[in-house]
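A.B. asks: Sending over target-v8.csv (CSV, C-alpha atoms).
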```
chain,number,residue,atom,x,y,z
A,1,THR,CA,-183.2,-23.6,-32.2
A,2,THR,CA,-184.1,-25.0,-35.6
A,3,ALA,CA,-187.5,-26.1,-36.8
A,4,ALA,CA,-186.2,-29.7,-36.6
A,5,THR,CA,-185.3,-29.4,-32.9
A,6,THR,CA,-188.6,-27.7,-32.2
A,7,ALA,CA,-190.4,-30.5,-33.9
A,8,ALA,CA,-188.5,-33.0,-31.8
A,9,THR,CA,-189.8,-31.3,-28.6
A,10,THR,CA,-193.4,-31.2,-29.6
A,11,ALA,CA,-193.9,-34.2,-31.8
A,12,THR,CA,-195.4,-37.5,-30.8
A,13,ALA,CA,-195.7,-40.6,-32.8
A,14,THR,CA,-199.1,-39.6,-34.1
A,15,ASP,CA,-198.3,-35.9,-34.7
A,16,ILE,CA,-198.1,-34.4,-38.1
A,17,ILE,CA,-194.8,-32.5,-38.2
A,18,PRO,CA,-195.2,-29.4,-40.3
A,19,VAL,CA,-191.7,-29.4,-41.6
A,20,ASP,CA,-190.1,-31.2,-44.6
A,21,LEU,CA,-187.4,-32.7,-42.5
A,22,MET,CA,-185.6,-34.4,-45.5
A,23,ALA,CA,-185.4,-31.1,-47.3
A,24,GLU,CA,-184.2,-29.3,-44.2
A,25,GLY,CA,-181.6,-32.0,-43.5
A,26,MET,CA,-180.3,-31.8,-47.0
A,27,GLN,CA,-179.9,-28.0,-46.7
A,28,PHE,CA,-177.9,-28.5,-43.5
A,29,PHE,CA,-175.8,-31.3,-45.1
A,30,ARG,CA,-174.9,-29.2,-48.2
A,31,ARG,CA,-173.8,-26.4,-45.9
A,32,GLY,CA,-171.7,-28.8,-43.8
A,33,GLU,CA,-173.9,-28.3,-40.7
A,34,LEU,CA,-173.8,-31.9,-39.9
A,35,ALA,CA,-175.0,-31.8,-36.3
A,36,GLN,CA,-178.2,-30.1,-37.5
A,37,ALA,CA,-178.5,-32.4,-40.5
A,38,ILE,CA,-178.3,-35.4,-38.2
A,39,VAL,CA,-181.1,-34.0,-36.0
A,40,SER,CA,-183.3,-33.6,-39.0
A,41,PHE,CA,-182.8,-37.1,-40.4
A,42,GLU,CA,-183.1,-38.7,-37.0
A,43,ILE,CA,-186.5,-36.9,-36.3
A,44,GLU,CA,-187.6,-38.0,-39.8
A,45,LEU,CA,-186.9,-41.6,-38.8
A,46,MET,CA,-188.3,-41.4,-35.3
A,47,HIS,CA,-191.5,-39.5,-36.0
A,48,VAL,CA,-192.3,-39.7,-39.7
A,49,ASP,CA,-191.0,-42.8,-41.4
A,50,PRO,CA,-188.6,-45.2,-39.7
A,51,ASP,CA,-188.3,-47.1,-43.0
A,52,ASN,CA,-187.3,-44.2,-45.1
A,53,PRO,CA,-184.1,-45.4,-46.9
A,54,ASP,CA,-183.1,-41.9,-48.0
A,55,ALA,CA,-183.1,-40.8,-44.4
A,56,TRP,CA,-180.9,-43.7,-43.4
A,57,LEU,CA,-178.6,-43.0,-46.4
A,58,MET,CA,-178.2,-39.4,-45.5
A,59,LEU,CA,-177.7,-40.2,-41.8
A,60,GLY,CA,-174.9,-42.6,-42.8
A,61,LYS,CA,-173.3,-40.0,-45.1
A,62,CYS,CA,-173.3,-37.5,-42.2
A,63,HIS,CA,-171.4,-39.9,-40.0
A,64,ALA,CA,-169.0,-40.8,-42.8
A,65,GLU,CA,-168.2,-37.2,-43.4
A,66,ASN,CA,-167.5,-36.9,-39.6
A,67,ASP,CA,-165.0,-39.8,-39.9
A,68,GLN,CA,-167.3,-42.1,-37.9
A,69,ASP,CA,-167.4,-45.1,-40.2
A,70,GLN,CA,-168.9,-47.6,-37.7
A,71,SER,CA,-171.9,-45.3,-37.2
A,72,ALA,CA,-172.1,-44.7,-40.9
A,73,ILE,CA,-172.1,-48.5,-41.6
A,74,ALA,CA,-175.0,-49.1,-39.1
A,75,CYS,CA,-177.1,-46.5,-40.9
A,76,LEU,CA,-176.1,-47.5,-44.5
A,77,GLU,CA,-176.9,-51.1,-43.7
A,78,ARG,CA,-180.4,-50.1,-42.7
A,79,ALA,CA,-180.8,-48.1,-45.9
A,80,VAL,CA,-179.9,-51.2,-47.9
A,81,ASP,CA,-182.1,-53.4,-45.8
A,82,ARG,CA,-185.0,-51.2,-46.9
A,83,ASP,CA,-183.9,-50.7,-50.5
A,84,PRO,CA,-181.4,-53.4,-51.7
A,85,TYR,CA,-181.0,-51.5,-55.0
A,86,MET,CA,-179.9,-48.2,-53.5
A,87,SER,CA,-176.7,-47.9,-55.4
A,88,GLU,CA,-175.4,-44.8,-53.5
A,89,ALA,CA,-175.7,-46.6,-50.2
A,90,LEU,CA,-174.0,-49.8,-51.5
A,91,LEU,CA,-171.0,-47.8,-52.8
A,92,ALA,CA,-170.8,-45.8,-49.5
A,93,LEU,CA,-170.9,-49.1,-47.6
A,94,GLY,CA,-168.0,-50.3,-49.7
A,95,VAL,CA,-166.0,-47.2,-48.9
A,96,SER,CA,-166.7,-47.3,-45.2
A,97,TYR,CA,-165.9,-51.0,-44.9
A,98,VAL,CA,-162.6,-50.3,-46.7
A,99,ASN,CA,-161.9,-47.6,-44.1
A,100,GLU,CA,-162.6,-50.1,-41.4
A,101,LEU,CA,-160.3,-52.7,-43.1
A,102,ASP,CA,-163.2,-55.2,-43.5
A,103,HIS,CA,-162.4,-56.1,-47.1
A,104,ASN,CA,-164.8,-59.0,-47.4
A,105,ARG,CA,-167.8,-56.9,-46.7
A,106,ALA,CA,-166.4,-54.0,-48.8
A,107,LEU,CA,-166.1,-56.3,-51.8
A,108,ARG,CA,-169.6,-57.8,-51.2
A,109,ASN,CA,-171.2,-54.4,-51.2
A,110,LEU,CA,-169.2,-53.3,-54.3
A,111,LYS,CA,-170.3,-56.4,-56.1
A,112,ALA,CA,-173.9,-55.7,-55.2
A,113,TRP,CA,-173.4,-52.1,-56.4
A,114,ILE,CA,-172.9,-53.6,-59.9
A,115,THR,CA,-175.2,-56.6,-59.9
A,116,HIS,CA,-178.2,-54.6,-58.4
A,117,ASN,CA,-177.8,-51.8,-61.0
A,118,PRO,CA,-180.3,-52.3,-63.8
A,119,THR,CA,-177.8,-50.5,-66.2
A,120,PHE,CA,-175.5,-53.5,-66.0
A,121,ALA,CA,-178.2,-56.3,-65.8
A,122,GLY,CA,-177.0,-59.7,-67.1
A,123,MET,CA,-173.4,-58.9,-67.3
A,124,GLU,CA,-172.2,-61.7,-65.0
A,125,GLU,CA,-173.3,-64.3,-67.6
A,126,SER,CA,-170.6,-63.1,-70.1
A,127,LEU,CA,-167.7,-62.5,-67.7
A,128,PRO,CA,-164.3,-64.2,-68.1
A,129,SER,CA,-163.5,-67.1,-65.8
A,130,ALA,CA,-162.3,-66.4,-62.2
A,131,GLY,CA,-158.5,-65.9,-61.9
A,132,GLN,CA,-158.2,-63.9,-65.1
A,133,ASP,CA,-159.2,-60.3,-65.7
A,134,LEU,CA,-160.6,-58.9,-68.9
A,135,TYR,CA,-157.1,-58.4,-70.3
A,136,GLY,CA,-155.9,-61.9,-69.6
A,137,SER,CA,-153.6,-61.2,-66.7
A,138,GLU,CA,-153.6,-63.0,-63.4
A,139,THR,CA,-154.8,-61.0,-60.4
A,140,GLU,CA,-152.8,-60.8,-57.2
A,141,THR,CA,-153.6,-62.1,-53.8
A,142,VAL,CA,-155.4,-59.6,-51.6
A,143,SER,CA,-154.6,-59.3,-47.9
A,144,ASP,CA,-157.7,-59.2,-45.8
A,145,THR,CA,-156.5,-57.2,-42.9
A,146,GLY,CA,-160.1,-57.0,-41.6
A,147,ASN,CA,-159.8,-60.4,-40.1
A,148,GLY,CA,-156.0,-60.8,-40.1
A,149,ASN,CA,-155.8,-63.4,-42.9
A,150,THR,CA,-154.7,-63.6,-46.5
A,151,ASN,CA,-157.8,-65.4,-47.6
A,152,THR,CA,-158.8,-67.2,-50.7
A,153,ASN,CA,-162.3,-66.0,-50.4
A,154,THR,CA,-161.2,-62.4,-50.4
A,155,ASN,CA,-159.0,-63.0,-53.4
A,156,THR,CA,-161.8,-64.6,-55.3
A,157,GLN,CA,-164.2,-61.8,-54.4
A,158,PHE,CA,-161.7,-59.2,-55.5
A,159,GLU,CA,-161.3,-61.0,-58.9
A,160,GLN,CA,-165.1,-61.1,-59.4
A,161,VAL,CA,-165.6,-57.5,-58.5
A,162,GLN,CA,-162.7,-56.2,-60.6
A,163,ASN,CA,-164.0,-58.2,-63.6
A,164,LEU,CA,-167.5,-56.9,-63.1
A,165,LEU,CA,-166.3,-53.3,-63.0
A,166,LEU,CA,-164.0,-53.6,-66.0
A,167,HIS,CA,-166.8,-55.3,-67.8
A,168,ALA,CA,-169.2,-52.5,-66.8
A,169,LEU,CA,-166.8,-50.0,-68.4
A,170,ASP,CA,-166.9,-52.0,-71.7
A,171,HIS,CA,-170.6,-52.0,-71.4
A,172,CYS,CA,-170.8,-48.2,-71.1
A,173,TYR,CA,-168.5,-47.7,-74.1
A,174,GLN,CA,-170.5,-50.2,-76.2
A,175,HIS,CA,-173.9,-48.7,-75.3
A,176,ASP,CA,-172.9,-45.0,-75.7
A,177,SER,CA,-171.6,-44.1,-79.1
A,178,SER,CA,-170.4,-40.8,-77.8
A,179,LEU,CA,-167.8,-42.5,-75.7
A,180,THR,CA,-164.5,-43.9,-76.8
A,181,THR,CA,-161.7,-45.8,-75.0
A,182,ASP,CA,-159.2,-43.5,-76.7
A,183,SER,CA,-157.2,-42.0,-73.9
A,184,ASN,CA,-156.9,-38.7,-75.7
A,185,ALA,CA,-160.6,-38.4,-76.2
A,186,ASP,CA,-163.2,-37.2,-73.7
A,187,ALA,CA,-163.9,-40.8,-72.7
A,188,HIS,CA,-164.6,-40.4,-69.0
A,189,THR,CA,-167.2,-37.6,-68.9
A,190,SER,CA,-170.2,-39.9,-68.8
A,191,THR,CA,-171.7,-40.1,-65.3
A,192,GLY,CA,-172.0,-43.9,-65.6
A,193,VAL,CA,-168.4,-44.3,-66.6
A,194,SER,CA,-167.3,-42.0,-63.8
A,195,ASP,CA,-169.2,-44.0,-61.2
A,196,VAL,CA,-167.5,-47.2,-62.4
A,197,HIS,CA,-164.1,-45.5,-62.2
A,198,GLU,CA,-164.9,-44.4,-58.6
A,199,ALA,CA,-165.8,-47.9,-57.6
A,200,LEU,CA,-162.6,-49.2,-59.3
A,201,GLY,CA,-160.7,-46.7,-57.2
A,202,VAL,CA,-162.2,-48.1,-54.1
A,203,ILE,CA,-161.4,-51.8,-54.9
A,204,TYR,CA,-157.9,-51.0,-55.9
A,205,ASN,CA,-157.4,-49.5,-52.5
A,206,VAL,CA,-158.4,-53.0,-51.2
A,207,SER,CA,-155.7,-54.6,-53.2
A,208,ARG,CA,-153.3,-51.8,-52.4
A,209,ASP,CA,-152.8,-51.1,-56.1
A,210,TYR,CA,-152.6,-47.4,-55.4
A,211,ASP,CA,-151.4,-46.3,-58.8
A,212,ALA,CA,-154.4,-47.9,-60.4
A,213,ALA,CA,-156.7,-46.4,-57.7
A,214,ILE,CA,-155.2,-42.9,-58.3
A,215,GLU,CA,-155.8,-43.3,-62.1
A,216,SER,CA,-159.4,-44.4,-61.5
A,217,PHE,CA,-160.2,-41.5,-59.2
A,218,ARG,CA,-158.6,-39.0,-61.6
A,219,LYS,CA,-160.8,-40.3,-64.4
A,220,ALA,CA,-163.9,-40.1,-62.3
A,221,ILE,CA,-162.9,-36.5,-61.4
A,222,GLN,CA,-162.8,-35.6,-65.1
A,223,ALA,CA,-166.6,-36.1,-65.2
A,224,ARG,CA,-167.3,-34.7,-61.7
A,225,PRO,CA,-164.8,-32.0,-61.0
A,226,ASN,CA,-167.0,-30.5,-58.3
A,227,ASP,CA,-167.4,-33.7,-56.3
A,228,TYR,CA,-165.6,-32.9,-53.0
A,229,GLN,CA,-165.7,-36.6,-51.9
A,230,LEU,CA,-163.8,-37.7,-55.0
A,231,TRP,CA,-161.1,-35.2,-54.3
A,232,ASN,CA,-160.8,-36.5,-50.8
A,233,LYS,CA,-160.6,-40.1,-52.0
A,234,LEU,CA,-157.9,-39.1,-54.4
A,235,GLY,CA,-156.0,-37.3,-51.6
A,236,ALA,CA,-156.3,-40.3,-49.2
A,237,THR,CA,-155.1,-42.7,-51.9
A,238,LEU,CA,-152.1,-40.5,-52.7
A,239,ALA,CA,-151.3,-40.4,-48.9
A,240,ASN,CA,-151.7,-44.1,-48.6
A,241,SER,CA,-149.1,-44.5,-51.3
A,242,ASN,CA,-146.6,-42.4,-49.4
A,243,ARG,CA,-147.3,-39.3,-51.6
A,244,SER,CA,-148.5,-36.9,-48.9
A,245,GLU,CA,-147.1,-33.9,-50.6
A,246,GLU,CA,-149.2,-34.7,-53.7
A,247,ALA,CA,-152.3,-35.4,-51.5
A,248,LEU,CA,-152.4,-31.9,-50.1
A,249,PRO,CA,-153.7,-30.1,-53.2
A,250,ALA,CA,-156.5,-32.7,-53.5
A,251,TYR,CA,-157.6,-32.1,-49.9
A,252,HIS,CA,-157.4,-28.3,-50.6
A,253,LYS,CA,-159.7,-28.8,-53.6
A,254,ALA,CA,-162.1,-30.9,-51.5
A,255,LEU,CA,-162.2,-28.1,-48.8
A,256,GLN,CA,-162.6,-25.4,-51.4
A,257,LEU,CA,-165.7,-27.2,-52.6
A,258,LYS,CA,-167.0,-27.9,-49.0
A,259,PRO,CA,-165.1,-26.0,-46.3
A,260,ARG,CA,-166.9,-27.7,-43.5
A,261,TYR,CA,-165.8,-31.2,-44.4
A,262,ALA,CA,-164.4,-32.7,-41.3
A,263,ARG,CA,-163.0,-35.8,-42.9
A,264,ALA,CA,-160.8,-33.9,-45.4
A,265,TRP,CA,-159.5,-31.7,-42.6
A,266,LEU,CA,-158.5,-34.8,-40.6
A,267,ASN,CA,-156.9,-36.3,-43.7
A,268,MET,CA,-155.0,-33.1,-44.4
A,269,ALA,CA,-153.8,-33.0,-40.8
A,270,ILE,CA,-152.4,-36.6,-41.1
A,271,SER,CA,-150.6,-35.7,-44.4
A,272,HIS,CA,-149.0,-32.7,-42.7
A,273,SER,CA,-147.9,-34.9,-39.8
A,274,ASN,CA,-146.4,-37.3,-42.3
A,275,LEU,CA,-144.5,-34.4,-43.8
A,276,HIS,CA,-143.4,-33.2,-40.3
A,277,ASN,CA,-145.4,-30.0,-40.7
A,278,TYR,CA,-146.6,-30.4,-37.1
A,279,ASP,CA,-147.8,-26.9,-36.5
A,280,GLU,CA,-150.1,-27.1,-39.6
A,281,ALA,CA,-151.1,-30.6,-38.6
A,282,ALA,CA,-152.2,-29.2,-35.2
A,283,ARG,CA,-154.2,-26.5,-36.8
A,284,CYS,CA,-156.0,-29.0,-39.1
A,285,TYR,CA,-156.7,-31.3,-36.1
A,286,LEU,CA,-158.2,-28.3,-34.3
A,287,GLN,CA,-160.4,-27.5,-37.3
A,288,THR,CA,-161.6,-31.1,-37.4
A,289,LEU,CA,-162.5,-31.0,-33.7
A,290,SER,CA,-164.3,-27.6,-34.2
A,291,LEU,CA,-166.4,-29.2,-36.9
A,292,ASN,CA,-166.9,-32.5,-35.0
A,293,PRO,CA,-166.4,-32.3,-31.2
A,294,ALA,CA,-167.3,-36.0,-31.0
A,295,ALA,CA,-164.0,-36.9,-32.8
A,296,SER,CA,-162.3,-37.7,-29.5
A,297,HIS,CA,-159.5,-39.6,-31.2
A,298,CYS,CA,-158.3,-36.4,-32.8
A,299,TRP,CA,-157.2,-35.1,-29.3
A,300,ASN,CA,-154.7,-38.0,-29.2
A,301,TYR,CA,-153.4,-37.0,-32.7
A,302,LEU,CA,-153.2,-33.4,-31.6
A,303,ARG,CA,-151.1,-34.3,-28.5
A,304,ILE,CA,-148.7,-36.2,-30.8
A,305,ALA,CA,-148.3,-33.2,-33.1
A,306,LEU,CA,-147.8,-30.8,-30.2
A,307,THR,CA,-145.2,-33.1,-28.8
A,308,CYS,CA,-143.3,-33.4,-32.1
A,309,SER,CA,-143.3,-29.6,-32.5
A,310,GLU,CA,-142.2,-29.3,-28.8
A,311,ARG,CA,-145.2,-27.2,-27.9
A,312,TRP,CA,-145.0,-28.4,-24.3
A,313,ASP,CA,-147.0,-25.4,-23.1
A,314,LEU,CA,-150.0,-26.5,-25.1
A,315,ILE,CA,-150.2,-30.1,-24.1
A,316,PRO,CA,-152.2,-29.3,-20.9
A,317,LEU,CA,-154.8,-27.6,-23.1
A,318,ALA,CA,-155.0,-30.8,-25.2
A,319,ALA,CA,-155.3,-32.9,-22.1
A,320,ALA,CA,-158.2,-30.7,-20.9
A,321,GLN,CA,-159.8,-30.9,-24.4
A,322,ASP,CA,-160.4,-27.2,-24.3
A,323,ILE,CA,-160.6,-26.2,-28.0
A,324,SER,CA,-161.3,-22.5,-27.3
A,325,ALA,CA,-158.0,-22.1,-25.4
A,326,PHE,CA,-156.2,-22.9,-28.6
A,327,LYS,CA,-157.6,-19.8,-30.5
A,328,ASP,CA,-154.7,-17.7,-29.2
A,329,HIS,CA,-152.2,-20.1,-30.7
A,330,TYR,CA,-153.7,-21.3,-34.0
A,331,ASP,CA,-155.8,-19.9,-36.8
A,332,PHE,CA,-158.9,-22.0,-37.2
A,333,VAL,CA,-162.7,-21.4,-37.4
A,334,THR,CA,-164.8,-22.1,-34.5
A,335,TYR,CA,-168.5,-23.2,-34.9
A,336,ASN,CA,-171.4,-23.2,-32.6
A,337,SER,CA,-171.9,-26.8,-31.3
A,338,ASN,CA,-175.5,-26.7,-32.6
A,339,SER,CA,-174.4,-25.8,-36.2
```
How does this structure look as structure tokens?

C.D. replies:
Amino acid sequence: TTAATTAATTATATDIIPVDLMAEGMQFFRRGELAQAIVSFEIELMHVDPDNPDAWLMLGKCHAENDQDQSAIACLERAVDRDPYMSEALLALGVSYVNELDHNRALRNLKAWITHNPTFAGMEESLPSAGQDLYGSETETVSDTGNGNTNTNTNTQFEQVQNLLLHALDHCYQHDSSLTTDSNADAHTSTGVSDVHEALGVIYNVSRDYDAAIESFRKAIQARPNDYQLWNKLGATLANSNRSEEALPAYHKALQLKPRYARAWLNMAISHSNLHNYDEAARCYLQTLSLNPAASHCWNYLRIALTCSERWDLIPLAAAQDISAFKDHYDFVTYNSNS
């Protein structure tokens, strides 16, 4: 039992909880103990401050790392409701909406990520006209699979956000004399520049310009080589562009940095399935389920992998959703459900 769960048992709305729940939750989050992190952040919101935007942000990030984007979106929207200028929440919302194929909302939040950032204040006034990017080329139509349409509104939003982000890069270079656009120089090590490259990687996933997205994430990684989420984004983009073999080292790097990262385990499982490495895919699905027992959709993926590898003897275990029974067949780490 943790201090957070003890507090949950004894606290009332008027009690003073003698625990720094945010600090405790952050410790759990960094260790990948997301179930406990969620408990800490939820108690903070229920018993300390229901309007704490940082708690809503971290709760959303926990759900996102567990591959539960709808829950993540609900929390991140509450964070932005309470702090419309919370850039980390706006970017995370953009990512989760892309994952949910809701491209209009993704682009709206990515635009807000720039326009609400004081670093880039006033940039919209000097942007090129819609329909033309900063380099004078026409932008392509974007399919909004979130609502099933190819829609002019989505296309216009994409142009606006792309222009804003490219303009933000120019802004960074102009206002930091240590930076240069020379591709051979260390031009991407500024944190501000890397943040813009990350956002560009996300919007290029919207337009399915995967080569541009891959380049953007790689530039962001130059500045933040220990950012496990960036490595996962790079891997997912490589996989989306039918380069699953190249995606695997990126996922391995993400998991080297954070071994208890359920989303990267799931993504790696999918890449192994795409490569017909069904035994390894099954192992990775089991690791995902060990980290996040609520990921019920992974049982379906596991059954498919077992079928493809002709492990008929194990399909009843998958149907029973008995993860412990698989320990005799696959090498994965089991975790206590409370950790």

A.B. asks: Kindly indicate which residue among A:Ala254, A:Ala295, A:Val202, A:Ala106 lies nearest to Asp227 in chain A, using only C-alpha atoms for the distances.

C.D. replies: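 Using only C-alpha atoms, Asp227 in chain A sits closest to A:Ala254.
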
A.B. asks: In Å to one decimal, how far is CA of Asp279 in chain A from CA of Ile304 in chain A?

C.D. replies: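 Here the two named atoms are 10.9 Å from each other.
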
A.B. asks: For CA of Met46 in chain A and CA of Leu289 in chain A, determine how far apart the two atoms are, in Å to one decimal place.

C.D. replies: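 Those two atoms sit 27.9 Å apart.
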
A.B. asks: Would you compute the distance between CA of Asn117 in chain A and CA of Ala55 in chain A? Give it in Å to one decimal.

C.D. replies: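 Computed distance, CA of Asn117 in chain A to CA of Ala55 in chain A, equals 20.6 Å.
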
A.B. asks: Select from range 242-293 of chain A every residue with an atom at most 8 Å from any atom of range 324-333 of chain A, then for each give the shortest pair of atoms and their distance in Å to one decimal, using all atoms listed in the file, rows by chain and rising number, as CSV.

C.D. replies:
```
residue,atom,partner,partner_atom,distance
A:Arg283,CA,A:Tyr330,CA,5.9
A:Cys284,CA,A:Phe332,CA,7.8
A:Leu286,CA,A:Phe332,CA,7.0
A:Gln287,CA,A:Phe332,CA,5.7
A:Ser290,CA,A:Val333,CA,7.2
```

A.B. asks: Looking at A:Val19, A:Cys62, A:Met26, A:Val80, which one is nearest to Arg263 in chain A, with distances taken over only C-alpha atoms?

C.D. replies: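 The closest residue to Arg263 in chain A is A:Cys62.
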
A.B. asks: Using only C-alpha atoms, which of the listed residues (A:Phe41, A:Ala262, A:Glu24, A:Leu101) sits closest to Cys75 in chain A?

C.D. replies: A:Phe41

A.B. asks: Find, counting all atoms listed in the file, the residue in A:Val196, A:Leu275, A:Ala89, A:Ile221 that gets nearest to Arg243 in chain A.

C.D. replies: A:Leu275

A.B. asks: Skipping near chain neighbours, those fewer than 5 positions away, what residues fall within 8 Å of Gly25 in chain A using only C-alpha atoms, listed as a list in words?

C.D. replies: Gln36, Ala37, Ile38, Val39, Ser40 and Phe41 of chain A

A.B. asks: Just C-alpha atoms for this one: save the residues we selected as a PDB file, in the frame of the given file.

C.D. replies:
```pdb
ATOM      1  CA  GLN A  36    -178.200 -30.100 -37.500  1.00  0.00           C
ATOM      2  CA  ALA A  37    -178.500 -32.400 -40.500  1.00  0.00           C
ATOM      3  CA  ILE A  38    -178.300 -35.400 -38.200  1.00  0.00           C
ATOM      4  CA  VAL A  39    -181.100 -34.000 -36.000  1.00  0.00           C
ATOM      5  CA  SER A  40    -183.300 -33.600 -39.000  1.00  0.00           C
ATOM      6  CA  PHE A  41    -182.800 -37.100 -40.400  1.00  0.00           C
TER       7      PHE A  41
END
```

A.B. asks: Could you give me, as a list in words, the residues within 10 Å of Met86 in chain A, counting all atoms listed in the file and dropping anything in the same chain fewer than 6 positions from it?

C.D. replies: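 In the requested form, the answer reads Pro53, Asp54, Leu57, Leu76, Ala79, Val80, Ala112, Trp113, His116 and Asn117 of chain A.
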